>>> print(open('input.cif').read())   # mmCIF, C-alpha atoms
data_protein
loop_
_atom_site.group_PDB
_atom_site.id
_atom_site.type_symbol
_atom_site.label_atom_id
_atom_site.label_comp_id
_atom_site.auth_asym_id
_atom_site.auth_seq_id
_atom_site.Cartn_x
_atom_site.Cartn_y
_atom_site.Cartn_z
ATOM 1 C CA MET A 110 9.534 -8.441 13.428
ATOM 2 C CA ALA A 111 9.761 -5.822 16.178
ATOM 3 C CA GLU A 112 10.609 -2.294 15.131
ATOM 4 C CA ASN A 113 12.590 0.331 17.007
ATOM 5 C CA TYR A 114 11.158 3.734 17.876
ATOM 6 C CA GLY A 115 13.786 6.020 16.445
ATOM 7 C CA THR A 116 16.660 5.737 14.014
ATOM 8 C CA ARG A 117 20.376 5.240 14.462
ATOM 9 C CA GLU A 118 20.995 8.406 12.424
ATOM 10 C CA THR A 119 18.868 10.559 14.747
ATOM 11 C CA LEU A 120 20.505 9.036 17.810
ATOM 12 C CA LYS A 121 23.969 9.735 16.365
ATOM 13 C CA SER A 122 23.040 13.351 15.773
ATOM 14 C CA ARG A 123 21.803 13.770 19.331
ATOM 15 C CA LEU A 124 24.939 12.223 20.763
ATOM 16 C CA GLY A 125 27.235 14.335 18.583
ATOM 17 C CA ILE A 126 28.539 11.358 16.635
ATOM 18 C CA GLU A 127 29.478 11.991 13.008
ATOM 19 C CA ALA A 128 27.123 10.344 10.512
ATOM 20 C CA ASP A 129 29.990 8.515 8.765
ATOM 21 C CA ASP A 130 31.418 7.155 12.041
ATOM 22 C CA THR A 131 30.331 3.499 12.064
ATOM 23 C CA THR A 132 32.557 2.320 14.921
ATOM 24 C CA ARG A 133 29.741 2.512 17.471
ATOM 25 C CA ASP A 134 26.798 1.451 15.306
ATOM 26 C CA GLU A 135 26.385 -1.882 17.069
ATOM 27 C CA LEU A 136 26.201 -0.185 20.485
ATOM 28 C CA LEU A 137 23.747 2.410 19.176
ATOM 29 C CA ASP A 138 21.499 -0.256 17.641
ATOM 30 C CA SER A 139 21.587 -2.251 20.869
ATOM 31 C CA ALA A 140 20.625 0.825 22.901
ATOM 32 C CA LEU A 141 17.703 1.624 20.556
ATOM 33 C CA GLU A 142 16.495 -1.963 20.696
ATOM 34 C CA ALA A 143 16.654 -2.073 24.499
ATOM 35 C CA ALA A 144 14.940 1.304 24.861
ATOM 36 C CA SER A 145 12.137 0.325 22.475
ATOM 37 C CA ARG A 146 11.455 -3.025 24.122
ATOM 38 C CA GLY A 147 11.648 -1.391 27.570
ATOM 39 C CA ILE A 148 8.932 1.098 26.578
ATOM 40 C CA GLU A 149 6.755 -1.797 25.425
ATOM 41 C CA ARG A 150 7.206 -3.599 28.741
ATOM 42 C CA ALA A 151 6.461 -0.435 30.724
ATOM 43 C CA THR A 152 3.313 0.473 28.772
ATOM 44 C CA GLY A 153 1.985 -3.034 28.150
ATOM 45 C CA ARG A 154 1.664 -2.408 24.407
ATOM 46 C CA ARG A 155 3.712 -2.054 21.260
ATOM 47 C CA PHE A 156 3.543 0.818 18.800
ATOM 48 C CA TRP A 157 4.607 -0.734 15.489
ATOM 49 C CA LEU A 158 2.004 -2.076 13.080
ATOM 50 C CA ASP A 159 1.836 -5.622 11.744
ATOM 51 C CA ALA A 160 2.792 -5.696 8.065
ATOM 52 C CA LEU A 161 0.158 -8.390 7.436
ATOM 53 C CA PRO A 162 -2.970 -9.526 9.298
ATOM 54 C CA THR A 163 -2.313 -11.895 12.188
ATOM 55 C CA VAL A 164 -4.647 -14.028 14.300
ATOM 56 C CA ARG A 165 -5.181 -13.529 18.023
ATOM 57 C CA THR A 166 -7.600 -15.432 20.245
ATOM 58 C CA TYR A 167 -9.236 -14.015 23.380
ATOM 59 C CA ARG A 168 -11.149 -15.520 26.267
ATOM 60 C CA PRO A 169 -14.043 -13.093 26.914
ATOM 61 C CA LYS A 170 -14.106 -13.844 30.637
ATOM 62 C CA GLY A 171 -12.055 -11.136 32.344
ATOM 63 C CA ARG A 172 -11.768 -9.058 29.149
ATOM 64 C CA THR A 173 -15.338 -7.776 28.856
ATOM 65 C CA VAL A 174 -16.947 -4.681 30.311
ATOM 66 C CA ARG A 175 -20.725 -4.504 30.544
ATOM 67 C CA GLN A 176 -22.027 -1.164 29.264
ATOM 68 C CA SER A 177 -25.538 0.231 28.970
ATOM 69 C CA ASP A 178 -25.678 -0.551 25.244
ATOM 70 C CA GLY A 179 -23.893 -3.906 25.187
ATOM 71 C CA GLU A 180 -20.731 -5.763 26.108
ATOM 72 C CA LEU A 181 -17.276 -4.377 25.292
ATOM 73 C CA LEU A 182 -14.474 -6.849 24.581
ATOM 74 C CA LEU A 183 -11.054 -5.360 25.335
ATOM 75 C CA VAL A 184 -8.537 -6.383 22.665
ATOM 76 C CA ASP A 185 -4.927 -5.675 21.796
ATOM 77 C CA ASP A 186 -4.433 -2.442 19.849
ATOM 78 C CA ILE A 187 -5.778 -2.669 16.294
ATOM 79 C CA GLY A 188 -3.948 -0.176 14.092
ATOM 80 C CA SER A 189 -5.341 -0.707 10.605
ATOM 81 C CA LEU A 190 -8.368 -2.131 8.839
ATOM 82 C CA ALA A 191 -6.810 -1.685 5.394
ATOM 83 C CA SER A 192 -6.471 -5.454 5.040
ATOM 84 C CA GLY A 193 -9.851 -6.035 6.659
ATOM 85 C CA ILE A 194 -10.843 -7.632 9.941
ATOM 86 C CA VAL A 195 -12.413 -10.998 10.667
ATOM 87 C CA VAL A 196 -14.043 -11.565 14.055
ATOM 88 C CA GLU A 197 -15.186 -15.072 15.001
ATOM 89 C CA SER A 198 -16.728 -16.565 18.109
ATOM 90 C CA GLY A 199 -16.686 -20.191 19.249
ATOM 91 C CA TYR A 200 -14.419 -22.782 20.824
ATOM 92 C CA GLY A 201 -12.249 -25.702 19.819
ATOM 93 C CA SER A 202 -12.325 -25.973 16.037
ATOM 94 C CA SER A 203 -15.849 -24.555 15.697
ATOM 95 C CA PHE A 204 -15.940 -20.798 15.054
ATOM 96 C CA THR A 205 -18.643 -18.626 13.510
ATOM 97 C CA GLU A 206 -18.044 -15.180 12.030
ATOM 98 C CA VAL A 207 -19.450 -12.251 14.023
ATOM 99 C CA THR A 208 -20.520 -9.098 12.190
ATOM 100 C CA ALA A 209 -22.719 -7.324 14.748
ATOM 101 C CA TYR A 210 -20.159 -5.227 16.623
ATOM 102 C CA GLU A 211 -18.788 -1.685 16.680
ATOM 103 C CA MET A 212 -15.238 -0.398 17.011
ATOM 104 C CA HIS A 213 -14.292 1.271 20.281
ATOM 105 C CA PRO A 214 -13.462 4.046 20.732
ATOM 106 C CA GLU A 215 -15.424 5.447 17.840
ATOM 107 C CA ASN A 216 -13.314 7.215 15.197
ATOM 108 C CA ALA A 217 -10.091 5.997 16.833
ATOM 109 C CA LEU A 218 -8.318 5.160 13.564
ATOM 110 C CA ALA A 219 -9.438 8.439 11.986
ATOM 111 C CA ASP A 220 -7.801 10.228 14.937
ATOM 112 C CA GLY A 221 -4.535 8.275 14.585
ATOM 113 C CA LEU A 222 -5.287 6.078 17.603
ATOM 114 C CA PRO A 223 -5.785 2.315 17.780
ATOM 115 C CA VAL A 224 -9.059 0.478 18.269
ATOM 116 C CA THR A 225 -8.909 -1.055 21.763
ATOM 117 C CA GLY A 226 -12.275 -2.770 22.012
ATOM 118 C CA LEU A 227 -15.171 -4.295 20.121
ATOM 119 C CA LEU A 228 -18.680 -3.481 21.347
ATOM 120 C CA ARG A 229 -21.385 -6.108 20.870
ATOM 121 C CA VAL A 230 -24.424 -3.813 20.789
ATOM 122 C CA ASN A 231 -27.236 -5.188 22.976
ATOM 123 C CA GLY A 232 -25.437 -8.515 23.086
ATOM 124 C CA TYR A 233 -22.756 -10.650 24.698
ATOM 125 C CA TRP A 234 -19.441 -12.065 23.546
ATOM 126 C CA GLY A 235 -20.211 -15.576 24.735
ATOM 127 C CA SER A 236 -20.037 -17.951 27.664
ATOM 128 C CA ASP A 237 -17.153 -18.691 30.019
ATOM 129 C CA THR A 238 -15.934 -21.433 27.684
ATOM 130 C CA SER A 239 -16.127 -19.483 24.428
ATOM 131 C CA ARG A 240 -13.310 -17.710 22.601
ATOM 132 C CA VAL A 241 -13.170 -14.746 20.235
ATOM 133 C CA ARG A 242 -10.730 -15.005 17.346
ATOM 134 C CA ILE A 243 -9.664 -11.822 15.536
ATOM 135 C CA THR A 244 -7.665 -11.593 12.327
ATOM 136 C CA THR A 245 -6.388 -8.107 11.499
ATOM 137 C CA ARG A 246 -3.319 -5.857 11.693
ATOM 138 C CA PHE A 247 -2.447 -5.226 15.327
ATOM 139 C CA GLY A 248 -0.359 -2.328 16.642
ATOM 140 C CA TRP A 249 -0.654 1.445 16.283
ATOM 141 C CA PRO A 250 -1.452 3.290 13.020
ATOM 142 C CA THR A 251 1.811 5.250 13.403
ATOM 143 C CA VAL A 252 4.356 5.521 16.188
ATOM 144 C CA PRO A 253 3.411 8.498 18.415
ATOM 145 C CA GLY A 254 6.000 11.275 18.531
ATOM 146 C CA ASP A 255 6.167 11.040 22.331
ATOM 147 C CA ILE A 256 7.162 7.374 22.090
ATOM 148 C CA THR A 257 9.910 8.119 19.554
ATOM 149 C CA GLU A 258 11.229 10.923 21.775
ATOM 150 C CA ALA A 259 11.183 8.706 24.862
ATOM 151 C CA ALA A 260 13.029 5.930 23.008
ATOM 152 C CA LEU A 261 15.737 8.313 21.798
ATOM 153 C CA ILE A 262 16.230 9.788 25.274
ATOM 154 C CA GLN A 263 16.428 6.346 26.841
ATOM 155 C CA ALA A 264 18.680 4.978 24.089
ATOM 156 C CA GLY A 265 21.085 7.891 24.601
ATOM 157 C CA ARG A 266 21.082 7.183 28.304
ATOM 158 C CA LEU A 267 21.763 3.476 27.734
ATOM 159 C CA PHE A 268 24.545 4.248 25.243
ATOM 160 C CA ARG A 269 26.273 6.530 27.775
ATOM 161 C CA ARG A 270 25.915 3.849 30.460
ATOM 162 C CA LYS A 271 29.234 2.362 29.365
ATOM 163 C CA ASP A 272 30.823 5.560 30.722
ATOM 164 C CA SER A 273 28.992 5.374 34.046
ATOM 165 C CA PRO A 274 29.987 2.213 35.904
ATOM 166 C CA GLU A 275 27.815 1.507 38.939
ATOM 167 C CA GLY A 276 25.434 4.254 37.823
ATOM 168 C CA VAL A 277 27.903 7.100 38.518
ATOM 169 C CA LEU A 278 28.642 9.638 35.775
ATOM 170 C CA GLY A 279 31.650 11.955 35.961
ATOM 171 C CA SER A 280 31.796 15.477 34.535
ATOM 172 C CA ALA A 281 34.585 18.040 34.640
ATOM 173 C CA GLU A 282 31.989 20.783 35.069
ATOM 174 C CA TRP A 283 29.581 19.185 37.557
ATOM 175 C CA GLY A 284 31.713 16.537 39.240
ATOM 176 C CA VAL A 285 30.388 13.089 40.037
ATOM 177 C CA THR A 286 26.660 12.513 39.601
ATOM 178 C CA ARG A 287 24.601 9.418 40.368
ATOM 179 C CA LEU A 288 22.139 8.506 37.638
ATOM 180 C CA SER A 289 18.534 8.115 38.776
ATOM 181 C CA ARG A 290 16.857 4.751 38.331
ATOM 182 C CA ARG A 291 14.133 6.120 36.055
ATOM 183 C CA ASP A 292 14.434 9.104 33.746
ATOM 184 C CA PRO A 293 11.575 11.488 34.641
ATOM 185 C CA ASP A 294 11.315 12.823 31.081
ATOM 186 C CA VAL A 295 10.995 9.336 29.617
ATOM 187 C CA TRP A 296 8.360 8.447 32.198
ATOM 188 C CA ALA A 297 6.384 11.649 31.544
ATOM 189 C CA LEU A 298 6.369 10.888 27.812
ATOM 190 C CA ILE A 299 5.217 7.265 28.066
ATOM 191 C CA GLU A 300 2.858 7.514 31.053
ATOM 192 C CA PRO A 301 -0.230 8.540 29.009
ATOM 193 C CA PHE A 302 0.199 5.380 26.902
ATOM 194 C CA ILE A 303 0.259 2.891 29.788
ATOM 195 C CA ILE A 304 -2.662 0.481 29.662
ATOM 196 C CA PRO A 305 -4.803 1.153 32.786
ATOM 197 C CA GLY A 306 -4.071 -1.363 35.506
ATOM 198 C CA PHE A 307 -0.893 -2.549 33.768
ATOM 199 C CA ALA A 308 1.931 -0.588 35.381
#
>>> encode(input="input.cif", output="structure tokens")
Amino acid sequence: MAENYGTRETLKSRLGIEADDTTRDELLDSALEAASRGIERATGRRFWLDALPTVRTYRPKGRTVRQSDGELLLVDDIGSLASGIVVESGYGSSFTEVTAYEMHPENALADGLPVTGLLRVNGYWGSDTSRVRITTRFGWPTVPGDITEAALIQAGRLFRRKDSPEGVLGSAEWGVTRLSRRDPDVWALIEPFIIPGFA
């Protein structure tokens, strides 16, 4: 189940809403959900970690990068090996376990980052018709602070949208202001996490 990047309590505090005021909880939850899923669409990845290992299958063609020491298979973010990892190669119903590979980048999980590729040292991941099947926990080890901050900023913006019909926000101090299409602070926070070639 998808997780949100930020809590209702933190969002309430930022918006100046009393903790025991539950009248707007549904709107706050909806804003957090929309902000979190929007960040995932913009970056091409998600930052919550699978609770249990799941299976994903990849077609090597178009997902491999030839390097001087082997072939790198680009995979979805792998955030934990605590439950192990099983890598298999084959097609149809015939798969064989693969053990001769290295995690890429090296030390990613130790640095709090996900594994994004598997390097087959001095080898290949298969033919055009083969598949690679991976069973592990996908996602990020922990949600980066920048992503949480971006989600809270965007959720606050979405929550206040009900007070800004047609994208126009009124203020007694500043007058009428048109909201920009994209919040520059949110974009600055999530931009380093965008998968290259995705956005």
>>> atom_distance(input="input.cif", atom1="CA of Ile256 in chain A", atom2="CA of Ser145 in chain A")
8.6 Å
>>> closest_atom_pairs(input="input.cif", of="range 120-213 of chain A", to="range 260-272 of chain A", cutoff="9 Å", atoms="all atoms listed in the file", output="JSON lines")
{"residue": "A:Leu120", "atom": "CA", "partner": "A:Leu261", "partner_atom": "CA", "distance": 6.3}
{"residue": "A:Lys121", "atom": "CA", "partner": "A:Gly265", "partner_atom": "CA", "distance": 8.9}
{"residue": "A:Arg123", "atom": "CA", "partner": "A:Gly265", "partner_atom": "CA", "distance": 7.9}
{"residue": "A:Leu124", "atom": "CA", "partner": "A:Gly265", "partner_atom": "CA", "distance": 7.0}
{"residue": "A:Leu136", "atom": "CA", "partner": "A:Phe268", "partner_atom": "CA", "distance": 6.7}
{"residue": "A:Leu137", "atom": "CA", "partner": "A:Phe268", "partner_atom": "CA", "distance": 6.4}
{"residue": "A:Asp138", "atom": "CA", "partner": "A:Ala264", "partner_atom": "CA", "distance": 8.8}
{"residue": "A:Ser139", "atom": "CA", "partner": "A:Phe268", "partner_atom": "CA", "distance": 8.4}
{"residue": "A:Ala140", "atom": "CA", "partner": "A:Ala264", "partner_atom": "CA", "distance": 4.7}
{"residue": "A:Leu141", "atom": "CA", "partner": "A:Ala264", "partner_atom": "CA", "distance": 5.0}
{"residue": "A:Glu142", "atom": "CA", "partner": "A:Ala264", "partner_atom": "CA", "distance": 8.0}
{"residue": "A:Ala143", "atom": "CA", "partner": "A:Ala264", "partner_atom": "CA", "distance": 7.3}
{"residue": "A:Ala144", "atom": "CA", "partner": "A:Ala264", "partner_atom": "CA", "distance": 5.3}
{"residue": "A:Ser145", "atom": "CA", "partner": "A:Ala260", "partner_atom": "CA", "distance": 5.7}
{"residue": "A:Gly147", "atom": "CA", "partner": "A:Ala260", "partner_atom": "CA", "distance": 8.7}
{"residue": "A:Ile148", "atom": "CA", "partner": "A:Ala260", "partner_atom": "CA", "distance": 7.3}
>>> resolve_selection(input="input.cif", expression="the PyMOL selection byres ((chain A and resi 189) around 10)", output="PyMOL selection string")
chain A and resi 158-162+186-188+190-194+218+221-224+245-251
>>> closest_residue(input="input.cif", among="A:Ala297, A:Val230, A:Val207, A:Val164", to="Thr244 in chain A", atoms="all atoms listed in the file")
A:Val164
>>> closest_residue(input="input.cif", among="A:Asp178, A:Arg117, A:Met212, A:Thr163", to="Arg133 in chain A", atoms="only C-alpha atoms")
A:Arg117
>>> atom_distance(input="input.cif", atom1="CA of Asp237 in chain A", atom2="CA of Tyr200 in chain A")
10.4 Å
>>> residues_around(input="input.cif", residues="Ile299 in chain A", least_positions_apart="2", cutoff="8 Å", atoms="all atoms listed in the file", output="PyMOL selection string")
chain A and resi 148+152+255-256+259+295-297+301-303
>>> atom_distance(input="input.cif", atom1="CA of Arg155 in chain A", atom2="CA of Thr225 in chain A")
12.7 Å
>>> closest_residue(input="input.cif", among="A:Glu197, A:Ala111, A:Leu298, A:Val184", to="Glu258 in chain A", atoms="all atoms listed in the file")
A:Leu298
>>> resolve_selection(input="input.cif", expression="the PyMOL selection byres ((chain A and resi 169) around 12)", output="PDB file with C-alpha atoms, keeping the file's coordinate frame")
ATOM      1  CA  THR A 166      -7.600 -15.432  20.245  1.00  0.00           C
ATOM      2  CA  TYR A 167      -9.236 -14.015  23.380  1.00  0.00           C
ATOM      3  CA  ARG A 168     -11.149 -15.520  26.267  1.00  0.00           C
ATOM      4  CA  LYS A 170     -14.106 -13.844  30.637  1.00  0.00           C
ATOM      5  CA  GLY A 171     -12.055 -11.136  32.344  1.00  0.00           C
ATOM      6  CA  ARG A 172     -11.768  -9.058  29.149  1.00  0.00           C
ATOM      7  CA  THR A 173     -15.338  -7.776  28.856  1.00  0.00           C
ATOM      8  CA  VAL A 174     -16.947  -4.681  30.311  1.00  0.00           C
ATOM      9  CA  ARG A 175     -20.725  -4.504  30.544  1.00  0.00           C
ATOM     10  CA  GLU A 180     -20.731  -5.763  26.108  1.00  0.00           C
ATOM     11  CA  LEU A 181     -17.276  -4.377  25.292  1.00  0.00           C
ATOM     12  CA  LEU A 182     -14.474  -6.849  24.581  1.00  0.00           C
ATOM     13  CA  LEU A 183     -11.054  -5.360  25.335  1.00  0.00           C
ATOM     14  CA  VAL A 184      -8.537  -6.383  22.665  1.00  0.00           C
ATOM     15  CA  SER A 198     -16.728 -16.565  18.109  1.00  0.00           C
ATOM     16  CA  GLY A 199     -16.686 -20.191  19.249  1.00  0.00           C
ATOM     17  CA  TYR A 200     -14.419 -22.782  20.824  1.00  0.00           C
ATOM     18  CA  GLY A 226     -12.275  -2.770  22.012  1.00  0.00           C
ATOM     19  CA  LEU A 227     -15.171  -4.295  20.121  1.00  0.00           C
ATOM     20  CA  ARG A 229     -21.385  -6.108  20.870  1.00  0.00           C
ATOM     21  CA  TYR A 233     -22.756 -10.650  24.698  1.00  0.00           C
ATOM     22  CA  TRP A 234     -19.441 -12.065  23.546  1.00  0.00           C
ATOM     23  CA  GLY A 235     -20.211 -15.576  24.735  1.00  0.00           C
ATOM     24  CA  SER A 236     -20.037 -17.951  27.664  1.00  0.00           C
ATOM     25  CA  ASP A 237     -17.153 -18.691  30.019  1.00  0.00           C
ATOM     26  CA  THR A 238     -15.934 -21.433  27.684  1.00  0.00           C
ATOM     27  CA  SER A 239     -16.127 -19.483  24.428  1.00  0.00           C
ATOM     28  CA  ARG A 240     -13.310 -17.710  22.601  1.00  0.00           C
ATOM     29  CA  VAL A 241     -13.170 -14.746  20.235  1.00  0.00           C
ATOM     30  CA  ARG A 242     -10.730 -15.005  17.346  1.00  0.00           C
TER      31      ARG A 242
END
>>> axis_aligned_box(input="input.cif", around="range 162-175 of chain A", padding_each_side="6 Å", output="JSON")
{"center_x": -11.5, "center_y": -10.0, "center_z": 20.8, "size_x": 30.4, "size_y": 23.0, "size_z": 35.0}
>>> closest_residue(input="input.cif", among="A:Pro305, A:Val196, A:Thr132, A:Leu228", to="Tyr210 in chain A", atoms="all atoms listed in the file")
A:Leu228
